[in-house]
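Shown next, in structure tokens, is the structure this report addresses.
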Protein chains: 2
Amino acid sequence: MPTDLHPVFAALADDTRWRILQRLGRSPDSASGLAAEFTVSRQAIAKHLTVLERCGLVTSERVGREIRFSAAGSRLSAVGRAIDAVGAGWERRLSAIKEAAERDQ
Amino acid sequence: MPTDLHPVFAALADDTRWRILQRLGRSPDSASGLAAEFTVSRQAIAKHLTVLERCGLVTSERVGREIRFSAAGSRLSAVGRAIDAVGAGWERRLSAIKEAAERDQ
DNA sequence: ATTCAGTGCAACCCTGGAGTTGCTCTTCTA
DNA sequence: TAGAAGAGCAACTCCAGGGTTGCACTGAAT
């Protein structure tokens, strides 16, 4: 999976989802556990978790009758580096265009 | 401005906006110029450009009666590195927790 | 001075998705 | 073997925001 960025951006765009992810970056927890700390319902949390898991930002592990989620920090790092690379590419190309324009002028 | 990520995520989440930004990463252009290449109206493009500019992903420069926009690659790179750092932090903390759990058990 | 290209503003429509409620199913535990 | 705690499913509400149309304004060019 060569890091398609669109679903990741969409996942990170929602504020509640981003807060959930940050929370899971501190320590793993279940949907019910998270629901106790947030102001939204457990079902809402569960939806967010499926979105996050679908694009690899969260991993899950069954423990008895509960499902423990944790943030996939390495995945987020990989996304960050991919974004960095894209930006660097634009910077290179645009400065080359600018230089060329100044030379011709 | 210490790189507040939320507005950037929101800006990048929309597909049309992301495509516009990628397009501007190839070469600068005006809202009208972009509208000729995309399937959406110039006004829609203009809205996207204000969103992108508001969070620093795009810069503008007035040239006669037109406004030329270009992608701020360096800004995107900075965002990418910030994201990388966040992910790395989570990774560190969570692996520490995991190790501690295995030791106790 | 008139026309045309580019921009700005405002009002409007409409869909995606965040959130809720209500119910069922499963799995520990007392 | 109840009962409680955690999870899953489905239907529903609601609104932010992406997209549109229509018109007014401004600078260039002929």
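Every chain in the structure tokens takes a letter, A first, then B, and so on in the order presented; its residues are numbered from 1, and the ligands are numbered from 1 following the presented order.
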Show me, as an MDAnalysis selection string, the residues that have an atom within 8 Å of stretch 8-24 of chain D when counting only C-alpha atoms (C1' of nucleotides), minus same-chain residues fewer than 5 positions from it.
(chainID B and resid 40:41 44) or (chainID C and resid 13 20 25)
For N, CA and C atoms (P, O5', C5', C4', C3', O3' and C1' of nucleotides), I'd like the residues from the last selection saved as a PDB file, in the first residue's frame.
```pdb
ATOM      1  N   VAL B  40     -15.010  22.190 -12.039  1.00  0.00           N
ATOM      2  CA  VAL B  40     -15.835  23.027 -11.170  1.00  0.00           C
ATOM      3  C   VAL B  40     -15.707  24.495 -11.564  1.00  0.00           C
ATOM      4  N   SER B  41     -16.616  25.300 -11.050  1.00  0.00           N
ATOM      5  CA  SER B  41     -16.657  26.712 -11.429  1.00  0.00           C
ATOM      6  C   SER B  41     -15.487  27.493 -10.843  1.00  0.00           C
ATOM      7  N   ALA B  44     -15.930  28.256  -7.135  1.00  0.00           N
ATOM      8  CA  ALA B  44     -15.584  27.130  -6.254  1.00  0.00           C
ATOM      9  C   ALA B  44     -14.071  27.083  -6.058  1.00  0.00           C
TER      10      ALA B  44
ATOM     11  P    DC C  13     -33.022  27.366  -1.969  1.00  0.00           P
ATOM     12  O5'  DC C  13     -32.087  26.238  -2.581  1.00  0.00           O
ATOM     13  C5'  DC C  13     -31.877  26.172  -3.991  1.00  0.00           C
ATOM     14  C4'  DC C  13     -31.004  24.974  -4.318  1.00  0.00           C
ATOM     15  C3'  DC C  13     -31.480  23.661  -3.698  1.00  0.00           C
ATOM     16  O3'  DC C  13     -31.316  22.631  -4.663  1.00  0.00           O
ATOM     17  C1'  DC C  13     -29.255  24.112  -3.015  1.00  0.00           C
ATOM     18  P    DT C  20     -23.454  11.975  20.600  1.00  0.00           P
ATOM     19  O5'  DT C  20     -24.959  11.527  20.355  1.00  0.00           O
ATOM     20  C5'  DT C  20     -25.970  12.508  20.081  1.00  0.00           C
ATOM     21  C4'  DT C  20     -27.283  11.814  19.746  1.00  0.00           C
ATOM     22  C3'  DT C  20     -27.634  10.699  20.715  1.00  0.00           C
ATOM     23  O3'  DT C  20     -28.670  11.116  21.586  1.00  0.00           O
ATOM     24  C1'  DT C  20     -27.951  10.021  18.423  1.00  0.00           C
ATOM     25  P    DC C  25     -30.421 -11.538  18.937  1.00  0.00           P
ATOM     26  O5'  DC C  25     -28.851 -11.607  19.182  1.00  0.00           O
ATOM     27  C5'  DC C  25     -27.968 -11.131  18.162  1.00  0.00           C
ATOM     28  C4'  DC C  25     -26.532 -11.110  18.682  1.00  0.00           C
ATOM     29  C3'  DC C  25     -26.135 -12.374  19.463  1.00  0.00           C
ATOM     30  O3'  DC C  25     -24.911 -12.865  18.943  1.00  0.00           O
ATOM     31  C1'  DC C  25     -25.608 -10.414  20.685  1.00  0.00           C
TER      32       DC C  25
END
```
Distance limit 9 Å, atoms considered: only C-alpha atoms (C1' of nucleotides). Which chain C residues sit that close to chain B? Return them as a count of residues only.
3
Kindly determine which residues of chain B lie within 10 Å of chain A, considering only C-alpha atoms, and give the answer as number ranges by chain.
B: 5-15, 18, 21-28, 57, 70-95, 97-98
From a backbone DSSP assignment, name each residue in chain B labelled alpha helix (DSSP H), as a PyMOL selection string.
chain B and resi 5-13+15-26+31-37+42-54+73-104
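Taking only C-alpha atoms (C1' of nucleotides) into account, chain D lies nearest to A:Ile45 out of the set A:Ile45, A:Ala101, A:Leu52, A:Ala96.
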